[in-house]
Each structure stands twice: as C-alpha cells, then as structure tokens.
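Data file: start_29.cif. Format and content: mmCIF, C-alpha atoms and all ligand atoms.
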data_model
loop_
_atom_site.label_atom_id
_atom_site.label_comp_id
_atom_site.auth_asym_id
_atom_site.auth_seq_id
_atom_site.Cartn_x
_atom_site.Cartn_y
_atom_site.Cartn_z
CA ARG Q 76 21.79 81.07 91.96
CA PRO Q 77 19.14 81.35 89.26
CA ARG Q 78 20.52 82.41 85.90
CA VAL Q 79 19.60 85.45 83.77
CA LEU Q 80 20.70 86.30 80.27
CA SER Q 81 20.19 89.26 78.00
CA GLY Q 82 21.78 91.09 75.08
CA ILE Q 83 21.92 94.56 73.65
CA GLN Q 84 22.74 95.63 70.11
CA PRO Q 85 25.71 97.84 69.24
CA THR Q 86 23.70 99.71 66.63
CA ALA Q 87 24.22 103.27 67.90
CA ASP Q 88 26.96 105.42 69.35
CA SER Q 89 25.14 105.39 72.67
CA PHE Q 90 22.44 103.52 74.57
CA HIS Q 91 19.30 105.57 75.02
CA PHE Q 92 17.13 105.96 78.11
CA GLY Q 93 14.76 103.22 76.90
CA ASN Q 94 17.61 100.71 76.66
CA TYR Q 95 19.01 101.79 80.00
CA LEU Q 96 15.81 101.99 82.06
CA GLY Q 97 14.02 99.16 80.26
CA ALA Q 98 16.88 96.69 80.29
CA VAL Q 99 20.44 97.59 81.38
CA ARG Q 100 19.45 98.74 84.85
CA GLN Q 101 17.81 95.37 85.47
CA TYR Q 102 20.99 93.56 84.38
CA VAL Q 103 22.88 95.47 87.03
CA SER Q 104 20.45 94.82 89.87
CA LEU Q 105 19.96 91.17 88.93
CA GLN Q 106 23.67 90.38 89.10
CA GLU Q 107 23.39 90.73 92.90
CA THR Q 108 21.17 87.70 93.19
CA HIS Q 109 21.58 85.86 89.89
CA ASP Q 110 24.23 84.24 87.75
CA ALA Q 111 24.18 86.78 84.91
CA PHE Q 112 25.23 86.43 81.25
CA ILE Q 113 25.11 89.68 79.28
CA PHE Q 114 26.29 90.06 75.71
CA VAL Q 115 26.75 92.70 73.05
CA ALA Q 116 24.66 91.47 70.13
CA ASP Q 117 26.88 92.26 67.17
CA LEU Q 118 25.45 89.44 65.02
CA HIS Q 119 22.04 91.07 65.33
CA ALA Q 120 23.54 94.43 64.43
CA ILE Q 121 24.17 93.39 60.82
CA THR Q 122 20.57 92.42 60.07
CA MET Q 123 19.98 95.98 58.88
CA GLN Q 124 22.48 97.88 56.72
CA HIS Q 125 25.41 98.93 58.84
CA ASP Q 126 28.77 100.61 58.55
CA PRO Q 127 31.54 98.02 59.11
CA LYS Q 128 33.94 100.75 60.16
CA LEU Q 129 31.66 101.62 63.09
CA LEU Q 130 30.61 98.18 64.29
CA ALA Q 131 33.74 97.15 66.21
CA GLU Q 132 33.94 100.56 67.86
CA ARG Q 133 30.27 100.50 68.82
CA THR Q 134 30.73 97.01 70.23
CA ARG Q 135 33.44 98.34 72.55
CA ILE Q 136 31.35 101.40 73.41
CA SER Q 137 28.43 99.14 74.33
CA ALA Q 138 30.61 96.98 76.57
CA ALA Q 139 32.07 100.08 78.23
CA GLN Q 140 28.57 101.43 78.87
CA LEU Q 141 27.48 98.15 80.44
CA ILE Q 142 30.42 98.32 82.83
CA ALA Q 143 29.88 102.03 83.48
CA ALA Q 144 26.24 101.25 84.32
CA GLY Q 145 27.49 98.94 87.08
CA LEU Q 146 27.99 95.49 85.56
CA ASP Q 147 30.87 93.82 87.31
CA PRO Q 148 32.70 91.58 84.81
CA ALA Q 149 34.11 89.48 87.64
CA ARG Q 150 30.59 88.41 88.58
CA THR Q 151 28.66 88.85 85.35
CA THR Q 152 29.82 87.03 82.25
CA LEU Q 153 30.09 89.90 79.78
CA PHE Q 154 30.89 88.95 76.20
CA VAL Q 155 30.49 89.69 72.51
CA GLN Q 156 28.00 87.47 70.71
CA SER Q 157 30.16 86.75 67.64
CA HIS Q 158 32.99 85.54 69.90
CA VAL Q 159 30.93 82.51 70.94
CA LEU Q 160 30.41 80.42 67.82
CA ALA Q 161 27.68 78.25 69.31
CA HIS Q 162 25.13 81.08 68.86
CA THR Q 163 25.06 80.78 65.07
CA GLN Q 164 25.40 77.01 65.22
CA LEU Q 165 22.35 76.55 67.42
CA ALA Q 166 20.48 79.17 65.41
CA TRP Q 167 20.67 76.91 62.34
CA VAL Q 168 19.18 73.97 64.20
CA LEU Q 169 16.37 76.17 65.54
CA GLN Q 170 15.72 77.63 62.09
CA CYS Q 171 15.03 74.11 60.92
CA LEU Q 172 12.55 73.71 63.76
CA ALA Q 173 10.75 77.03 63.35
CA GLY Q 174 7.81 77.39 61.01
CA PHE Q 175 7.93 80.02 58.29
CA GLY Q 176 4.46 81.14 59.33
CA GLU Q 177 5.33 81.61 62.97
CA ALA Q 178 8.45 83.64 62.05
CA ARG Q 179 6.25 85.78 59.82
CA ARG Q 180 4.03 86.75 62.71
CA MET Q 181 6.82 88.64 64.50
CA THR Q 182 5.68 92.25 64.67
CA GLN Q 183 9.21 93.66 64.98
CA PHE Q 184 10.04 92.23 61.54
CA LYS Q 185 6.84 93.71 60.14
CA ASP Q 186 7.69 97.14 61.62
CA LYS Q 187 11.34 97.16 60.64
CA SER Q 188 10.85 95.78 57.14
CA ALA Q 189 7.94 98.11 56.43
CA LYS Q 190 10.30 101.03 55.89
CA GLU Q 191 12.15 99.62 52.91
CA GLY Q 192 9.49 97.13 51.87
CA GLU Q 193 9.51 93.46 52.84
CA GLY Q 194 11.33 92.44 49.65
CA ALA Q 195 14.32 94.63 50.50
CA ALA Q 196 14.68 93.40 54.09
CA SER Q 197 17.42 90.84 54.72
CA VAL Q 198 16.67 87.20 55.47
CA GLY Q 199 18.75 87.82 58.61
CA LEU Q 200 16.24 90.40 59.80
CA PHE Q 201 13.52 87.80 59.24
CA THR Q 202 15.33 85.06 61.18
CA TYR Q 203 16.62 87.43 63.87
CA PRO Q 204 14.17 86.16 66.55
CA ILE Q 205 15.42 82.61 65.94
CA LEU Q 206 19.03 83.65 66.48
CA GLN Q 207 17.76 85.41 69.59
CA ALA Q 208 16.16 82.16 70.73
CA ALA Q 209 19.53 80.44 70.27
CA ASP Q 210 21.28 83.22 72.24
CA ILE Q 211 18.98 82.53 75.14
CA LEU Q 212 18.51 78.77 75.10
CA LEU Q 213 22.25 77.99 75.00
CA TYR Q 214 22.57 79.29 78.57
CA ARG Q 215 19.37 77.77 79.99
CA PRO Q 216 18.46 80.92 81.94
CA GLN Q 217 15.37 81.19 84.15
CA TYR Q 218 14.82 84.86 83.29
CA VAL Q 219 15.50 87.22 80.41
CA PRO Q 220 15.36 90.91 81.41
CA VAL Q 221 13.99 92.92 78.46
CA GLY Q 222 11.63 95.76 77.55
CA GLU Q 223 8.02 95.11 76.54
CA ASP Q 224 8.95 95.16 72.82
CA GLN Q 225 10.72 91.82 73.25
CA ARG Q 226 7.82 89.87 74.78
CA GLN Q 227 6.75 88.28 71.49
CA HIS Q 228 10.29 87.09 70.74
CA LEU Q 229 10.45 85.48 74.17
CA GLU Q 230 7.22 83.62 73.42
CA LEU Q 231 8.77 82.26 70.22
CA THR Q 232 11.87 81.22 72.19
CA ARG Q 233 9.70 79.26 74.61
CA ASP Q 234 7.77 77.62 71.75
CA LEU Q 235 10.98 76.52 70.04
CA ALA Q 236 12.44 75.20 73.30
CA GLN Q 237 9.31 73.22 73.97
CA ARG Q 238 9.23 71.82 70.44
CA PHE Q 239 12.86 70.74 70.61
CA ASN Q 240 12.36 69.14 74.03
CA HIS Q 241 9.30 67.30 72.76
CA ARG Q 242 10.75 66.18 69.41
CA TYR Q 243 14.19 65.08 70.65
CA ALA Q 244 14.74 65.05 74.41
CA LYS Q 245 14.41 67.52 77.25
CA THR Q 246 17.33 69.84 76.63
CA PHE Q 247 16.23 73.43 77.13
CA ARG Q 248 14.76 75.30 80.04
CA LEU Q 249 11.73 77.46 79.20
CA PRO Q 250 12.82 81.01 80.05
CA GLU Q 251 10.51 83.65 81.49
CA PRO Q 252 10.65 87.28 80.39
CA TYR Q 253 11.63 89.60 83.24
CA ILE Q 254 9.84 92.83 82.42
CA LEU Q 255 9.55 95.59 85.02
CA LYS Q 256 6.14 97.13 84.52
CA GLU Q 257 7.20 100.65 85.47
CA THR Q 258 9.96 101.00 82.87
CA ALA Q 259 8.88 98.42 80.29
CA LYS Q 260 8.20 101.07 77.69
CA ILE Q 261 9.97 104.41 77.91
CA ALA Q 262 8.26 106.76 75.46
CA ASP Q 263 9.68 109.09 72.85
CA LEU Q 264 9.90 112.61 74.35
CA ALA Q 265 8.64 114.27 71.18
CA ASP Q 266 5.92 111.71 70.42
CA PRO Q 267 4.99 110.05 73.72
CA THR Q 268 2.55 107.63 72.15
CA ARG Q 269 5.52 105.78 70.64
CA LYS Q 270 8.44 104.02 72.29
CA MET Q 271 11.80 105.71 72.46
CA SER Q 272 13.75 103.99 69.70
CA LYS Q 273 17.11 104.46 68.05
CA SER Q 274 15.78 103.70 64.59
CA SER Q 275 12.52 105.62 64.60
CA SER Q 276 12.76 108.41 67.19
CA SER Q 277 13.65 111.91 66.05
CA PRO Q 278 16.70 113.46 67.77
CA ALA Q 279 14.35 115.49 70.01
CA GLY Q 280 12.57 112.33 71.13
CA ILE Q 281 15.53 110.32 72.35
CA ILE Q 282 17.89 110.87 75.26
CA GLU Q 283 21.26 109.29 74.61
CA MET Q 284 23.24 108.27 77.66
CA LEU Q 285 26.51 109.53 76.18
CA ASP Q 286 25.19 112.79 74.76
CA GLU Q 287 26.35 116.14 76.16
CA PRO Q 288 24.37 116.35 79.43
CA ALA Q 289 23.28 119.92 78.60
CA ARG Q 290 21.71 118.71 75.36
CA SER Q 291 19.79 115.99 77.19
CA ALA Q 292 18.57 118.59 79.70
CA LYS Q 293 17.32 120.72 76.83
CA LYS Q 294 15.42 117.79 75.34
CA VAL Q 295 13.72 117.17 78.69
CA ARG Q 296 12.73 120.83 78.89
CA SER Q 297 11.19 120.70 75.41
CA ALA Q 298 9.39 117.37 75.88
CA VAL Q 299 5.87 117.20 74.47
CA THR Q 300 3.21 117.14 77.20
CA ASP Q 301 -0.45 118.21 76.97
CA SER Q 302 -2.54 121.29 77.54
CA ASP Q 303 -4.26 120.71 80.87
CA ALA Q 304 -1.27 121.72 83.00
CA VAL Q 305 -1.86 119.32 85.91
CA VAL Q 306 1.07 117.11 86.89
CA ALA Q 307 -0.53 113.67 87.27
CA TYR Q 308 0.37 110.09 86.37
CA ASP Q 309 -2.04 108.65 83.81
CA PRO Q 310 -0.32 106.98 80.86
CA GLU Q 311 -3.61 106.67 78.90
CA THR Q 312 -4.66 110.30 78.90
CA LYS Q 313 -1.35 111.99 79.74
CA PRO Q 314 1.38 109.93 78.05
CA GLY Q 315 3.95 112.75 77.89
CA VAL Q 316 3.75 113.83 81.54
CA SER Q 317 3.51 110.22 82.69
CA ASN Q 318 6.66 109.36 80.76
CA LEU Q 319 8.53 112.21 82.45
CA LEU Q 320 7.29 111.00 85.83
CA THR Q 321 8.38 107.45 84.99
CA ILE Q 322 11.90 108.61 84.15
CA PHE Q 323 11.98 110.84 87.24
CA ALA Q 324 10.90 107.94 89.47
CA ALA Q 325 13.34 105.48 87.94
CA LEU Q 326 16.31 107.80 88.37
CA THR Q 327 15.50 108.85 91.93
CA GLY Q 328 13.99 105.67 93.37
CA ARG Q 329 10.83 107.61 94.32
CA GLY Q 330 7.26 106.70 93.34
CA VAL Q 331 5.43 108.37 90.43
CA GLU Q 332 2.44 109.33 92.60
CA GLU Q 333 4.63 110.86 95.26
CA ILE Q 334 6.54 112.88 92.67
CA ALA Q 335 3.31 114.02 91.02
CA ALA Q 336 1.97 115.11 94.43
CA SER Q 337 5.10 117.16 95.08
CA PHE Q 338 4.27 119.24 91.98
CA GLU Q 339 0.71 120.05 93.09
CA GLY Q 340 -0.12 123.61 92.20
CA ARG Q 341 2.96 123.90 89.99
CA GLY Q 342 3.20 123.55 86.22
CA TYR Q 343 4.98 121.38 83.68
CA GLY Q 344 7.86 123.86 83.50
CA ASP Q 345 8.82 123.06 87.09
CA LEU Q 346 8.57 119.31 86.52
CA LYS Q 347 10.73 119.51 83.41
CA GLY Q 348 13.26 121.80 85.09
CA GLU Q 349 13.72 119.46 88.06
CA LEU Q 350 13.83 116.38 85.88
CA ALA Q 351 16.44 118.03 83.64
CA GLU Q 352 18.65 118.47 86.73
CA VAL Q 353 18.13 114.85 87.78
CA VAL Q 354 19.04 113.69 84.27
CA VAL Q 355 22.23 115.77 84.19
CA GLU Q 356 23.29 114.46 87.59
CA PHE Q 357 22.73 110.94 86.41
CA VAL Q 358 24.30 110.98 82.96
CA THR Q 359 27.39 113.05 83.79
CA PRO Q 360 29.23 110.40 85.86
CA PHE Q 361 27.98 107.64 83.57
CA ARG Q 362 29.43 109.39 80.55
CA ASP Q 363 32.74 110.16 82.30
CA ARG Q 364 33.12 106.55 83.40
CA THR Q 365 32.36 105.20 79.90
CA LEU Q 366 34.90 107.52 78.27
CA GLU Q 367 37.48 106.54 80.87
CA LEU Q 368 36.93 102.82 80.18
CA LEU Q 369 37.29 103.45 76.45
CA GLU Q 370 40.73 104.91 76.99
CA ASP Q 371 42.13 101.50 77.88
CA ARG Q 372 41.07 99.29 74.99
CA THR Q 373 43.50 96.52 75.93
CA ALA Q 374 41.86 96.15 79.32
CA LEU Q 375 38.38 96.25 77.82
CA ASP Q 376 39.25 93.65 75.18
CA ALA Q 377 40.74 91.41 77.87
CA ILE Q 378 37.47 91.57 79.83
CA LEU Q 379 35.56 90.56 76.70
CA ARG Q 380 37.98 87.75 75.90
CA ASP Q 381 37.62 86.35 79.39
CA GLY Q 382 33.82 86.70 79.18
CA ALA Q 383 33.74 84.84 75.85
CA GLU Q 384 35.73 81.96 77.31
CA ARG Q 385 33.39 81.63 80.26
CA ALA Q 386 30.33 81.91 78.01
CA ALA Q 387 31.66 79.37 75.49
CA ALA Q 388 32.21 76.81 78.25
CA VAL Q 389 28.47 76.88 78.97
CA ALA Q 390 27.25 77.32 75.40
CA ASP Q 391 29.42 74.56 73.93
CA THR Q 392 28.08 72.03 76.43
CA THR Q 393 24.51 72.79 75.41
CA LEU Q 394 25.38 72.74 71.71
CA ALA Q 395 27.11 69.36 72.00
CA GLN Q 396 23.94 67.89 73.53
CA VAL Q 397 21.82 69.44 70.81
CA TYR Q 398 24.02 68.09 68.01
CA GLU Q 399 23.95 64.64 69.49
CA ARG Q 400 20.18 64.66 69.96
CA VAL Q 401 19.56 65.92 66.45
CA GLY Q 402 21.62 63.00 65.19
CA PHE Q 403 24.78 64.65 63.86
CA LEU Q 404 27.74 62.30 63.63
CA SER Q 405 30.36 63.32 66.16
CA PRO Q 406 33.60 64.34 64.40
CA SER Q 407 35.87 62.57 66.87
N1 LIG Q 501 11.70 102.51 74.71
C1 LIG Q 501 12.08 101.45 75.42
N2 LIG Q 501 11.59 101.23 76.65
C2 LIG Q 501 11.99 100.15 77.38
N3 LIG Q 501 12.88 99.25 76.95
C3 LIG Q 501 13.40 99.42 75.72
N4 LIG Q 501 14.32 98.73 75.01
C4 LIG Q 501 14.51 99.35 73.82
N5 LIG Q 501 13.73 100.45 73.73
C5 LIG Q 501 13.04 100.52 74.89
C6 LIG Q 501 15.00 97.53 75.49
O1 LIG Q 501 16.39 97.72 75.35
C7 LIG Q 501 17.01 96.45 75.21
C8 LIG Q 501 18.07 96.49 74.17
O2 LIG Q 501 17.50 96.72 72.94
P1 LIG Q 501 18.21 96.31 71.60
O3 LIG Q 501 19.63 96.56 71.64
O4 LIG Q 501 17.75 94.98 71.17
O5 LIG Q 501 17.63 97.37 70.72
P2 LIG Q 501 16.22 97.60 70.30
O6 LIG Q 501 15.15 96.93 71.07
O7 LIG Q 501 16.24 97.27 68.89
O8 LIG Q 501 16.29 99.12 70.70
P3 LIG Q 501 15.57 100.22 69.96
O9 LIG Q 501 16.04 101.54 70.30
O10 LIG Q 501 14.14 99.94 70.13
O11 LIG Q 501 16.09 99.94 68.52
P4 LIG Q 501 15.24 99.87 67.25
O12 LIG Q 501 14.71 101.25 67.07
O13 LIG Q 501 16.27 99.49 66.23
O14 LIG Q 501 14.19 98.86 67.47
C9 LIG Q 501 15.90 95.44 74.91
O15 LIG Q 501 15.69 94.64 76.04
C10 LIG Q 501 14.70 96.31 74.65
O16 LIG Q 501 13.52 95.69 75.05
#
Write out the structure in this file as structure tokens.
Ligand code: AQP
Amino acid sequence: RPRVLSGIQPTADSFHFGNYLGAVRQYVSLQETHDAFIFVADLHAITMQHDPKLLAERTRISAAQLIAAGLDPARTTLFVQSHVLAHTQLAWVLQCLAGFGEARRMTQFKDKSAKEGEGAASVGLFTYPILQAADILLYRPQYVPVGEDQRQHLELTRDLAQRFNHRYAKTFRLPEPYILKETAKIADLADPTRKMSKSSSSPAGIIEMLDEPARSAKKVRSAVTDSDAVVAYDPETKPGVSNLLTIFAALTGRGVEEIAASFEGRGYGDLKGELAEVVVEFVTPFRDRTLELLEDRTALDAILRDGAERAAAVADTTLAQVYERVGFLSPS
C-alpha cells in the first residue's frame, strides 16, 4: 500500500472547516487505500506565542477530532509529533542542508511574521518548513494530503530530499502533494477573497467544527455574498457564493453545478438556509463524538502512545541511515 503522511497543528480549540475539508477529510478517505501516518503537530504549535496550559489539552482535542472525523487508529498510525524524537533530530540535519535564502522565500513566514515584524518572529517560525520537511521525509510517504497553502512547503521538502540524496546517498523518497482541487482553499465567510484561517479570520468568517451548531448555522446565514442574486459557481467573480457551493458540495457529495442549478430562480437566502441545515446535520454528530472521546482521556492517551511507538519504529530507521550517511560516529 502506498504511504501518506500529514499533520495538523493543535493551535485552536477546534479545527475549522478549512482544516477539515482541505485536509482531514482526505486523511480519512486515504486510509482506505493507503498506509496512513497522521500526527498532531505540537512542535509547530510553539513557533508562535502560545499558552502552555492549553497546549496539552488542545493536543488531545485535536486527536479526538481526528478520530471523530473517521480516522481509525488501528489502521492509521495516529501520534503526537513531540513523542517521536526523530522529528527534531532530522530537522537539525536538514537545517544544515537548507539555504538561508531559500527558507526566506517561504510566503507563510512572510505573512505570519508581518504582523509583529520580522525581528519579533521566532527563529522556530522561520525554520518551521524545515521541521515540516523532516516530519514528512522520515516516513518516506508517496503523498502528503494538504490544502493549497502548503504547496510551497512541499516544494522545499522535495528540494531538501533531492539535495540530501545527491550529496550523501539515496535515502529519501520525493513526496507529492495531494491537493484536492475542489476543497484546496476554503474561503473566509466574511471575506471570501481570503482563506479561512484560525489566525487571521474574524469570528464571523470561520466555522469551527466544535462550535455550537446553531452558531455555525447563523454564520452561514450571514455569509458575505454579492449583489447580483444569481446562484452560480464562479470563484473569480462570485467568491462568496462559490465558497458556499463548495462547502455544500463537499458535505453532501453532490456537484457544485448541480447544486447551483437546483437554486435556479431562488435567491441567496434559500441557499444559505439549506446550507445552514446541512452544516448543522454534519457538525452535530461530529461534536458529540469528539466530546465523548474526550471523556476517556486514558483511552485516548493509550491510542497516542501506541501510535508513537509505531511511528518511532519507522522514523528511527530512517534517522539511523541519515546519521550514518552524514558521518556521525555511532554511539555503540
Ligand atoms: N482555508 C483552508 N482551506 C483548505 N485547507 C486549509 N488548511 C488550512 N486552512 C485551509 C489545511 O489544513 C491543514 C492543517 O493546517 P495546520 O494545522 O497546519 O494549520 P494552518 O495551515 O496553519 O491552518 P490555518 O487556519 O490556516 O492556521 P493559520 O491561520 O495559523 O495559518 C493543512 O493541510 C492546511 O493546508
């Protein structure tokens, strides 16, 4: 079975629809046909200022949401990034291979550091894509399911893998991004020209999977659209309506054109009303299941412990090869 790997950060109390539709849903469907490794990226979560009292809890909440979304920990190796030490160890080797200039070109760093000013951003935020490259390369996956915003980081990962293979010996597989066109970029409901994002969306722009379903329904009903009142799919000229149709299609398994056609002669109010119902039907059981999983922390922690053991068995083998090829003296 081909292998896939991906991670998600525990930086909020809930995943949002962008995380779910852009990434998590693909993890769940890919586990049917692939050997899947999915981790909660807690090391990445400290690259920006964070509250240590919340991090462990959010890590558990993230794992519970992944299981509630349909990940089966018996089939998928589900683990916490900081539990597998090889991630930071390989990251160091890759940092020594990466150019300062190429790391500087990463647009996510530019965007995220712009808020506080580059000087105030952590070095960890700067080297984040290199840790991400280590996360991926350790497991030698064929595919990495992500949203469009991660494409550039995947390119860097491939460049570093190629450089290592060329400089030392063929060690890493070059992974391909697995990006589903339809849901690659879920837009902010209040500002549909931007992506839905936990750090930059306003509360009205983001649907959180664990929010009160009635609140999410209200956000859908107040989503920003446009003034021509024709339900049609055209992301260029009608980003708001098209985003609603994208979410509608993803949650129902229907096509955007077919949904748009079913609203012929009706207005945006009808589209929003029906989508609000679809959203409530979808998030209610998801939320119940997540809360139920969080009630048994011992069971959840045991799943993560088992996942970390399975992950470390793979990661440590790769790291040992890397250390040897780089020329480190073996401690034994
Ligand atoms: N709006 C989105 N549309 C589609 N996919 C998205 N992803 C995030 N936003 C969208 C995908 O979700 C996965 C997990 O993301 P992450 O945990 O790395 O968080 P992120 O990318 O940092 O998520 P945010 O909300 O965008 O956070 P900020 O605002 O901090 O940047 C990834 O595969 C991502 O592509």
- [ ] For ligand LIG 501 (chain Q), list the contacting residues at 6 Å or closer, counting all atoms listed in the file, as a ChimeraX atom specification.
- [x] /Q:83-84,93-94,97-98,221-225,258-262,270-275
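Of the residues listed (Q:Ala116, Q:Phe201, Q:Pro216, Q:Thr86), Q:Phe201 shows the shortest atom-to-atom separation from Asp186 in chain Q; distances use all atoms listed in the file.
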Task: Shell around Tyr214 in chain Q at 8 Å using all atoms listed in the file, local window under 6 positions removed, as a PyMOL selection string - done: chain Q and resi 80+389-390+393
Taking 2 positions as the minimum chain separation for residues in the same chain, which residues sit within 9 Å of Gln183 in chain Q when counting all atoms listed in the file? Answer as a PDB file with C-alpha atoms, keeping the file's coordinate frame.
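The resulting part24.pdb:
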ATOM      1  CA  ARG Q 180       4.030  86.750  62.710  1.00  0.00           C
ATOM      2  CA  MET Q 181       6.820  88.640  64.500  1.00  0.00           C
ATOM      3  CA  LYS Q 185       6.840  93.710  60.140  1.00  0.00           C
ATOM      4  CA  ASP Q 186       7.690  97.140  61.620  1.00  0.00           C
ATOM      5  CA  LYS Q 187      11.340  97.160  60.640  1.00  0.00           C
ATOM      6  CA  SER Q 188      10.850  95.780  57.140  1.00  0.00           C
ATOM      7  CA  ASP Q 224       8.950  95.160  72.820  1.00  0.00           C
ATOM      8  CA  GLN Q 225      10.720  91.820  73.250  1.00  0.00           C
ATOM      9  CA  GLN Q 227       6.750  88.280  71.490  1.00  0.00           C
ATOM     10  CA  HIS Q 228      10.290  87.090  70.740  1.00  0.00           C
TER      11      HIS Q 228
END
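Comparing Q:Leu285, Q:Ala195, Q:Ala386, Q:Val103 by their smallest distance to His91 in chain Q, the closest is Q:Leu285 (using only C-alpha atoms).
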Task: Exercise: Arg150 in chain Q partners within 10 Å, only C-alpha atoms, chain neighbours under 5 positions left out, as a ChimeraX atom specification - done: /Q:106-107,109-112
Export of the given selection (C-alpha atoms) as a CSV table (one decimal), in the coordinates of the input:
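New file part-v5.csv:
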chain,number,residue,atom,x,y,z
Q,106,GLN,CA,23.7,90.4,89.1
Q,107,GLU,CA,23.4,90.7,92.9
Q,109,HIS,CA,21.6,85.9,89.9
Q,110,ASP,CA,24.2,84.2,87.8
Q,111,ALA,CA,24.2,86.8,84.9
Q,112,PHE,CA,25.2,86.4,81.2
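Residues near the point (38.6, 93.9, 76.8), at a distance of 12 Å or less over only C-alpha atoms, make up Q:Thr134, Q:Arg135, Q:Ile136, Q:Ser137, Q:Ala138, Q:Ala139, Q:Ile142, Q:Pro148, Q:Leu153, Q:Phe154, Q:Val155, Q:Leu368, Q:Leu369, Q:Glu370, Q:Asp371, Q:Arg372, Q:Thr373, Q:Ala374, Q:Leu375, Q:Asp376, Q:Ala377, Q:Ile378, Q:Leu379, Q:Arg380, Q:Asp381, Q:Gly382, Q:Ala383.
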Open item on the list: Just checking: using only C-alpha atoms, which residue out of Q:Gly145, Q:Pro77, Q:Pro360, Q:Gly199 ends up closest to Ile121 in chain Q?
Closed with: Q:Gly199
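Residues surrounding Leu320 in chain Q within 10 Å are Val306, Ala307, Tyr308, Asp309, Pro310, Pro314, Gly315, Val316, Ala324, Ala325, Leu326, Arg329, Gly330, Val331, Glu332, Glu333, Ile334, Ala335, Leu346, Lys347 and Leu350 of chain Q [only C-alpha atoms; sequence separation below 4 positions excluded].
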Task: Atomic separation - CA of Glu177 in chain Q relative to CA of Ala208 in chain Q, Å - done: 13.3 Å
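These residues, each with an atom at most 10 Å from (18.4, 79.4, 80.4) using all atoms listed in the file, are Pro77, Arg78, Val79, Leu80, Phe112, Asp210, Ile211, Leu212, Leu213, Tyr214, Arg215, Pro216, Gln217, Tyr218, Val219, Phe247, Arg248, Leu249, Pro250 and Glu251 of chain Q.
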How would the residues just picked look written out with C-alpha atoms as a short mmCIF file (atom, residue, chain, number, x, y, z; two decimals), in the frame of the given file?
data_model
loop_
_atom_site.label_atom_id
_atom_site.label_comp_id
_atom_site.auth_asym_id
_atom_site.auth_seq_id
_atom_site.Cartn_x
_atom_site.Cartn_y
_atom_site.Cartn_z
CA PRO Q 77 19.14 81.35 89.26
CA ARG Q 78 20.52 82.41 85.90
CA VAL Q 79 19.60 85.45 83.77
CA LEU Q 80 20.70 86.30 80.27
CA PHE Q 112 25.23 86.43 81.25
CA ASP Q 210 21.28 83.22 72.24
CA ILE Q 211 18.98 82.53 75.14
CA LEU Q 212 18.51 78.77 75.10
CA LEU Q 213 22.25 77.99 75.00
CA TYR Q 214 22.57 79.29 78.57
CA ARG Q 215 19.37 77.77 79.99
CA PRO Q 216 18.46 80.92 81.94
CA GLN Q 217 15.37 81.19 84.15
CA TYR Q 218 14.82 84.86 83.29
CA VAL Q 219 15.50 87.22 80.41
CA PHE Q 247 16.23 73.43 77.13
CA ARG Q 248 14.76 75.30 80.04
CA LEU Q 249 11.73 77.46 79.20
CA PRO Q 250 12.82 81.01 80.05
CA GLU Q 251 10.51 83.65 81.49
#
- [ ] Tell me, in Å to one decimal, how far CA of Ala144 in chain Q is from CA of Val99 in chain Q.
- [x] 7.5 Å
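Among the candidates Q:Glu191, Q:Pro220, Q:Gln164, Q:Phe175, the one nearest to Ser81 in chain Q when counting only C-alpha atoms is Q:Pro220.
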Task: Using all atoms listed in the file: which of Q:Val198, Q:Ser302, Q:Pro288, Q:Met123 has the shortest distance to Arg362 in chain Q - done: Q:Pro288
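Proximity of Q:Gln140, Q:Lys294, Q:Asp266, Q:Ala351 to Ala279 in chain Q, computed with only C-alpha atoms, is greatest for Q:Lys294.
Taking CA of Glu356 in chain Q and CA of Tyr343 in chain Q as the two end points, the separation is 20.0 Å.
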Box time for range 272-290 of chain Q: axis-aligned, enclosing all its listed atoms, 4 Å extra on each side; report centre and edge lengths in Å to one decimal, as lines of an AutoDock Vina configuration file.
center_x = 19.5
center_y = 111.8
center_z = 72.0
size_x = 22.0
size_y = 24.2
size_z = 22.8
